[in-house]
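Only one structure is covered here, and it is reproduced in the block below.
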Amino acid sequence: MYINIKNVLSKSKSLSIIKKKTKERGKKQMKLNFKGRKEKGITLIALVITIIVLLILAGVVIATLTGDNGILGKAKTAKTTNDEEKAKEQIKIAVMGSYGKDGELNYDDLTKNLRQIGIKGLPKEASYPLEVTLDGVSATIKANGEVNFTTSGGYTQTGDTITSPDGKTMKVGDYVNYDPTLEANASDLTYTSTADKTGADSNQEFNVATYKSAGYGWRVLGVKDGKIRLISEEFIGSGTYADNSRTYYTLYGQKVYINGIEELNKISGIFGHGKGAESATSITVEDINEITGYNPETAKYSQGDWEEYGNKVTYTRGEGTALSSNATNGKTWSGTQSTFNYYDKTNKTFKALTSGSTEITSTAYTYGPATLKDGFTQPVQGVDENGTYNEVNQMLFGKWTMTADNGYYRSFTGTGTEPRYWLASDCASALSNDVGWGLRYVSNGGVCSNYLCYSDGYERSDSYGVRPVVSLKSDVSLEWNESENEWKIK
């Protein structure tokens with residue numbers, strides 16, 4: 001048999017080439033398969049990571065929506081706050097619309113207005129303080145029209161002990177590191193009380209920075225509407241002052257009664273812009289009475305006399321200069337009085353009584369915190385075994401001592417300047433043929449009444465300090481600082 005060697009070699013070479021190409025294609029396919037598996041593996045890892053991220057985000061969203069500090073919780077809190085504010089506003093409007101022409105709160109009108117907003121079960125006879133509740137908001141209405149609110153949550157007070165929402169307890173008189181300049185706008189930290197408002201000879205400038213530079217602090221006064229209230233450690237004055245050089249705020253004549261309370265609140269207001277503060281106003285006699293326990297309704301200052309607290313005196317103008325008066329406590333008088341002015345509350349001005357009658361309620365009283373009455377008698381409260389005012393009374397009145405050795409006469413035994421400051425509370429003393437109007441103030445270790453304008457036209461001036469009271473926001477948290485011995489605003 002004849003074999004063509006050339007053809008055999010040629011076919012063998014071809015098979016070799018085919019095997020080689022097949023092997024190369026196999027390797028290439030293996031690479032492609034490995035690459036596919038690799039790309040598929042990366043996709044799975046990315047998917048797992050994506051799922052984990054989504055779960056984390058979902059957790060964040062759920063946490064943001066739920067919980068006390070979540071969006072839903074805050075929305076609920078905001079709704080509750082809005083409802084409470086609405087209820088407060090309704091009660092305030094009801095009270096404001098219940099004043100008679102004499103400027104006094106009319107009980108019949110008050111109960112009528114309160115019923116219209118949904119408050120029931122009101123006493124038929126006048127009963128003050130009047131306690132009412134509307135939509136979960138409790139309010140106490142006093143005879144002078146002052147309204148104090150109590151809402152759910154917030155700080156609470158029992159006696160001189162205050163409890164925070166998180167269970168911390170503090171005392172009236174404790175120090176707090178409040179800074180009225182911190183986080184405040186510079187434009188909010190000054191106020192000018194102009195002469196046309198005060199009746200003084202010139203304008204009087206007030207600056208928060210002066211108080212701070214003097215190194216004075218802030219102390220716990222109490223709780224109102226669930227919020228902590230702070231009182232300035234010292235009274236403030238106009239211009240520049242320090243411990244050894246105090247200044248005062250001067251008020252004169254009829255301007256005192258017309259503008260005094262508003263100006264005191266505006267001056268005090270410049271201290272209410274610091275971190276944690278909601279607002280600031282001047283201290284009032286009601287603030288002090290709440291702490292001392294003095295109740296003018298039951299104390300009946302000067303009972304049986306013309307200026308007995310709550311005594312309503314009607315003055316009637318006769319022919320010419322003839323004038324007569326009669327009071328609800330039975331006092332009467334008749335004679336002549338050429339000039340007799342009265343205060344028109346509606347128009348905020350003094351007018352001459354030329355005919356007809358006008359009724360004026362006497363709101364005069366004076367007392368010391370240790371005796372809760374005028375005069376100087378043995379203390380019944382608020383002093384230590386040596387007859388010295390306790391810490392809370394010292395915060396308000398200064399350090400005074402009453403002992404048998406000095407006939408229980410109040411003696412100032414403190415250091416520095418005796419506290420002497422205005423109260424943003426007006427007063428009137430109605431006598432047989434004369435009336436005095438003015439503001440209350442703290443001096444001589446007690447609460448006093450200062451009359452700077454009279455029905456016969458006489459006017460005078462006086463000067464005392466200003467005592468701001470700062471209301472902290474309801475959500476402010478305080479933390480005790482042991483090293484500084486004070487509460488820190490967080």
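Every chain in the structure tokens takes a letter, A first, then B, and so on in the order presented; its residues are numbered from 1, and the ligands are numbered from 1 following the presented order.
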Next on the checklist: Residues within 10 Å of Gly304 in chain A, please, as a PyMOL selection string. Count only C-alpha atoms; anything in the same chain fewer than 5 positions from it doesn't count.
Outcome noted: chain A and resi 309+311+329-331
N, CA and C atoms of the current selection, written as a PDB file, in the first residue's frame:
ATOM      1  N   TYR A 309     -58.326  98.458 103.954  1.00  0.00           N
ATOM      2  CA  TYR A 309     -58.139  97.786 102.672  1.00  0.00           C
ATOM      3  C   TYR A 309     -59.473  97.277 102.126  1.00  0.00           C
ATOM      4  N   ASN A 311     -61.980  99.170 101.321  1.00  0.00           N
ATOM      5  CA  ASN A 311     -63.060 100.117 101.618  1.00  0.00           C
ATOM      6  C   ASN A 311     -63.341 100.986 100.393  1.00  0.00           C
ATOM      7  N   ASN A 329     -67.674 100.998 104.768  1.00  0.00           N
ATOM      8  CA  ASN A 329     -67.504 100.571 106.156  1.00  0.00           C
ATOM      9  C   ASN A 329     -68.211 101.509 107.135  1.00  0.00           C
ATOM     10  N   GLY A 330     -69.048 102.426 106.580  1.00  0.00           N
ATOM     11  CA  GLY A 330     -69.876 103.283 107.433  1.00  0.00           C
ATOM     12  C   GLY A 330     -69.331 104.667 107.690  1.00  0.00           C
ATOM     13  N   LYS A 331     -68.127 104.958 107.296  1.00  0.00           N
ATOM     14  CA  LYS A 331     -67.537 106.289 107.519  1.00  0.00           C
ATOM     15  C   LYS A 331     -68.206 107.312 106.604  1.00  0.00           C
TER      16      LYS A 331
END
Checklist entry - Per DSSP on the backbone, what are the strand (DSSP E or B) residues of range 138-236 of chain A, as a PyMOL selection string? => result chain A and resi 138-141+147-150+156-158+161-163+169-171+175-176+190-193+204-207+218-224+227-232+236
Checklist entry - Out of A:Cys453, A:Thr413, A:Glu286, A:Leu134, which residue has the shortest atom-to-atom distance to Asp83 in chain A when counting only C-alpha atoms? => result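 Comparing A:Cys453, A:Thr413, A:Glu286, A:Leu134 against Asp83 in chain A, the winner is A:Leu134.
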Item to check | Exercise: range 211-226 of chain A partners within 6 Å, only C-alpha atoms, chain neighbours under 2 positions left out, as a list in words | outcome: Phe149, Thr150, Gly154, Tyr155, Val172, Gly173, Asp174, Tyr175, Val176, Val208, Ala209, Ile228, Arg229, Leu230, Ile231, Ser232, Glu233 and Ala242 of chain A
Checklist entry - Which residue out of A:Asn144, A:Ser429, A:Gln204, A:Thr316 has the minimum interatomic distance to Gly335 in chain A when only C-alpha atoms are used? => result A:Thr316
Item to check | Counting only C-alpha atoms, the option among A:Trp480, A:Tyr315, A:Phe350, A:Tyr451 closest to Ala428 in chain A | outcome: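 Of all the options, A:Tyr451 lies closest to Ala428 in chain A.
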Next on the checklist: Excluding range 399-407 of chain A and its own-chain neighbours fewer than 3 positions away, which residues fall within 12 Å of it when counting only C-alpha atoms? Please give them as JSON, numbers by chain.
Outcome noted: {"A": [368, 369, 370, 371, 375, 376, 377, 378, 379, 380, 381, 382, 383, 384, 385, 386, 387, 388, 389, 390, 391, 392, 393, 394, 395, 396, 410, 411, 412, 413, 414, 415, 416, 417, 418, 419, 443, 444, 445, 446]}
Tell me, which residues of range 120-261 of chain A carry DSSP helix (DSSP H, G or I), written as a PDB file with C-alpha atoms, in the first residue's frame?
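Wrote selection_5.pdb, looks like this:
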ATOM      1  CA  ALA A 186     -27.023  93.854  71.941  1.00  0.00           C
ATOM      2  CA  SER A 187     -29.948  96.061  70.907  1.00  0.00           C
ATOM      3  CA  ASP A 188     -32.191  94.293  73.445  1.00  0.00           C
ATOM      4  CA  ALA A 195     -38.734 112.102  81.290  1.00  0.00           C
ATOM      5  CA  ASP A 196     -42.142 112.449  79.651  1.00  0.00           C
ATOM      6  CA  LYS A 197     -43.010 108.979  81.006  1.00  0.00           C
ATOM      7  CA  THR A 198     -41.605 109.369  84.520  1.00  0.00           C
ATOM      8  CA  VAL A 208     -27.746  94.964  81.368  1.00  0.00           C
ATOM      9  CA  ALA A 209     -23.957  95.074  81.056  1.00  0.00           C
ATOM     10  CA  THR A 210     -23.754  97.330  84.129  1.00  0.00           C
ATOM     11  CA  TYR A 211     -25.489  94.748  86.312  1.00  0.00           C
ATOM     12  CA  LYS A 212     -23.280  91.962  85.003  1.00  0.00           C
ATOM     13  CA  SER A 213     -20.068  93.945  85.464  1.00  0.00           C
ATOM     14  CA  GLN A 254     -49.196 111.631  88.390  1.00  0.00           C
ATOM     15  CA  LYS A 255     -46.806 110.025  85.891  1.00  0.00           C
ATOM     16  CA  VAL A 256     -46.044 107.410  88.559  1.00  0.00           C
ATOM     17  CA  TYR A 257     -49.606 106.107  88.610  1.00  0.00           C
ATOM     18  CA  ILE A 258     -50.136 106.439  84.865  1.00  0.00           C
ATOM     19  CA  ASN A 259     -46.874 104.964  83.537  1.00  0.00           C
ATOM     20  CA  GLY A 260     -44.964 103.548  86.506  1.00  0.00           C
ATOM     21  CA  ILE A 261     -45.862  99.856  86.158  1.00  0.00           C
TER      22      ILE A 261
END
Residues at most 12 Å from Glu278 in chain A, counting only C-alpha atoms, excluding those fewer than 5 positions away in the same chain, as a PDB file with N, CA and C atoms, in the first residue's frame?
ATOM      1  N   PRO A 180     -27.859  87.227  81.514  1.00  0.00           N
ATOM      2  CA  PRO A 180     -28.807  87.924  80.641  1.00  0.00           C
ATOM      3  C   PRO A 180     -28.215  88.412  79.324  1.00  0.00           C
ATOM      4  N   ALA A 184     -27.989  86.881  73.606  1.00  0.00           N
ATOM      5  CA  ALA A 184     -28.922  88.009  73.455  1.00  0.00           C
ATOM      6  C   ALA A 184     -28.396  88.996  72.426  1.00  0.00           C
ATOM      7  N   LYS A 227     -43.099  77.239  85.242  1.00  0.00           N
ATOM      8  CA  LYS A 227     -41.785  77.735  84.828  1.00  0.00           C
ATOM      9  C   LYS A 227     -41.038  78.340  86.021  1.00  0.00           C
ATOM     10  N   ILE A 228     -39.726  78.104  86.044  1.00  0.00           N
ATOM     11  CA  ILE A 228     -38.873  78.665  87.084  1.00  0.00           C
ATOM     12  C   ILE A 228     -38.775  80.179  86.905  1.00  0.00           C
ATOM     13  N   ARG A 229     -38.864  80.914  88.016  1.00  0.00           N
ATOM     14  CA  ARG A 229     -38.687  82.369  87.980  1.00  0.00           C
ATOM     15  C   ARG A 229     -37.474  82.744  88.823  1.00  0.00           C
ATOM     16  N   LEU A 230     -36.646  83.602  88.267  1.00  0.00           N
ATOM     17  CA  LEU A 230     -35.436  84.060  88.944  1.00  0.00           C
ATOM     18  C   LEU A 230     -35.576  85.531  89.305  1.00  0.00           C
ATOM     19  N   GLY A 269     -37.546  94.190  81.443  1.00  0.00           N
ATOM     20  CA  GLY A 269     -37.607  93.363  80.245  1.00  0.00           C
ATOM     21  C   GLY A 269     -36.278  93.158  79.545  1.00  0.00           C
ATOM     22  N   ILE A 270     -35.342  94.100  79.699  1.00  0.00           N
ATOM     23  CA  ILE A 270     -34.046  93.965  79.024  1.00  0.00           C
ATOM     24  C   ILE A 270     -33.209  92.836  79.614  1.00  0.00           C
ATOM     25  N   PHE A 271     -33.616  92.320  80.769  1.00  0.00           N
ATOM     26  CA  PHE A 271     -32.888  91.217  81.395  1.00  0.00           C
ATOM     27  C   PHE A 271     -33.442  89.853  80.984  1.00  0.00           C
ATOM     28  N   GLY A 272     -34.455  89.824  80.130  1.00  0.00           N
ATOM     29  CA  GLY A 272     -35.110  88.574  79.780  1.00  0.00           C
ATOM     30  C   GLY A 272     -34.752  88.012  78.428  1.00  0.00           C
ATOM     31  N   HIS A 273     -33.525  88.270  77.939  1.00  0.00           N
ATOM     32  CA  HIS A 273     -33.132  87.794  76.604  1.00  0.00           C
ATOM     33  C   HIS A 273     -31.960  86.811  76.644  1.00  0.00           C
ATOM     34  N   VAL A 469     -37.517  90.230  87.438  1.00  0.00           N
ATOM     35  CA  VAL A 469     -37.818  88.809  87.633  1.00  0.00           C
ATOM     36  C   VAL A 469     -37.828  88.151  86.256  1.00  0.00           C
ATOM     37  N   VAL A 470     -36.995  87.132  86.070  1.00  0.00           N
ATOM     38  CA  VAL A 470     -36.853  86.441  84.783  1.00  0.00           C
ATOM     39  C   VAL A 470     -37.600  85.114  84.815  1.00  0.00           C
ATOM     40  N   SER A 471     -38.437  84.878  83.816  1.00  0.00           N
ATOM     41  CA  SER A 471     -39.114  83.582  83.655  1.00  0.00           C
ATOM     42  C   SER A 471     -38.321  82.740  82.664  1.00  0.00           C
ATOM     43  N   LEU A 472     -37.878  81.569  83.107  1.00  0.00           N
ATOM     44  CA  LEU A 472     -37.159  80.664  82.212  1.00  0.00           C
ATOM     45  C   LEU A 472     -38.157  79.875  81.369  1.00  0.00           C
ATOM     46  N   LYS A 473     -37.707  79.399  80.218  1.00  0.00           N
ATOM     47  CA  LYS A 473     -38.561  78.607  79.340  1.00  0.00           C
ATOM     48  C   LYS A 473     -38.937  77.295  80.023  1.00  0.00           C
ATOM     49  N   SER A 474     -40.105  76.778  79.639  1.00  0.00           N
ATOM     50  CA  SER A 474     -40.615  75.578  80.301  1.00  0.00           C
ATOM     51  C   SER A 474     -39.740  74.352  80.075  1.00  0.00           C
ATOM     52  N   ASP A 475     -38.972  74.334  78.975  1.00  0.00           N
ATOM     53  CA  ASP A 475     -38.148  73.159  78.674  1.00  0.00           C
ATOM     54  C   ASP A 475     -36.712  73.302  79.160  1.00  0.00           C
ATOM     55  N   VAL A 476     -36.447  74.335  79.943  1.00  0.00           N
ATOM     56  CA  VAL A 476     -35.091  74.538  80.456  1.00  0.00           C
ATOM     57  C   VAL A 476     -34.783  73.484  81.524  1.00  0.00           C
TER      58      VAL A 476
END
Item to check | Using only C-alpha atoms: which of A:Thr314, A:Ser334, A:Thr169, A:Ser449 has the shortest distance to Tyr301 in chain A | outcome: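 Of A:Thr314, A:Ser334, A:Thr169, A:Ser449, the one nearest Tyr301 in chain A is A:Ser449, counting only C-alpha atoms.
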Checklist entry - Smallest atom-to-atom distance to Glu459 in chain A: which of A:Gly310, A:Tyr252, A:Asn177, A:Ser202, using only C-alpha atoms? => result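 Among A:Gly310, A:Tyr252, A:Asn177, A:Ser202, it is A:Tyr252 that comes nearest to Glu459 in chain A.
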Checklist entry - Quick one: of A:Tyr107, A:Trp333, A:Tyr241, A:Tyr248, who's nearest to Arg420 in chain A, counting only C-alpha atoms? => result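 Looking only at the distances to Arg420 in chain A, the closest residue turns out to be A:Tyr248.
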Checklist entry - So what do you get for CA of Tyr454 in chain A versus CA of Trp437 in chain A, distance-wise? => result 6.3 Å
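For the atom pair formed by CA of Ala143 in chain A and CA of Gly253 in chain A, the distance is 26.4 Å, given to one decimal.
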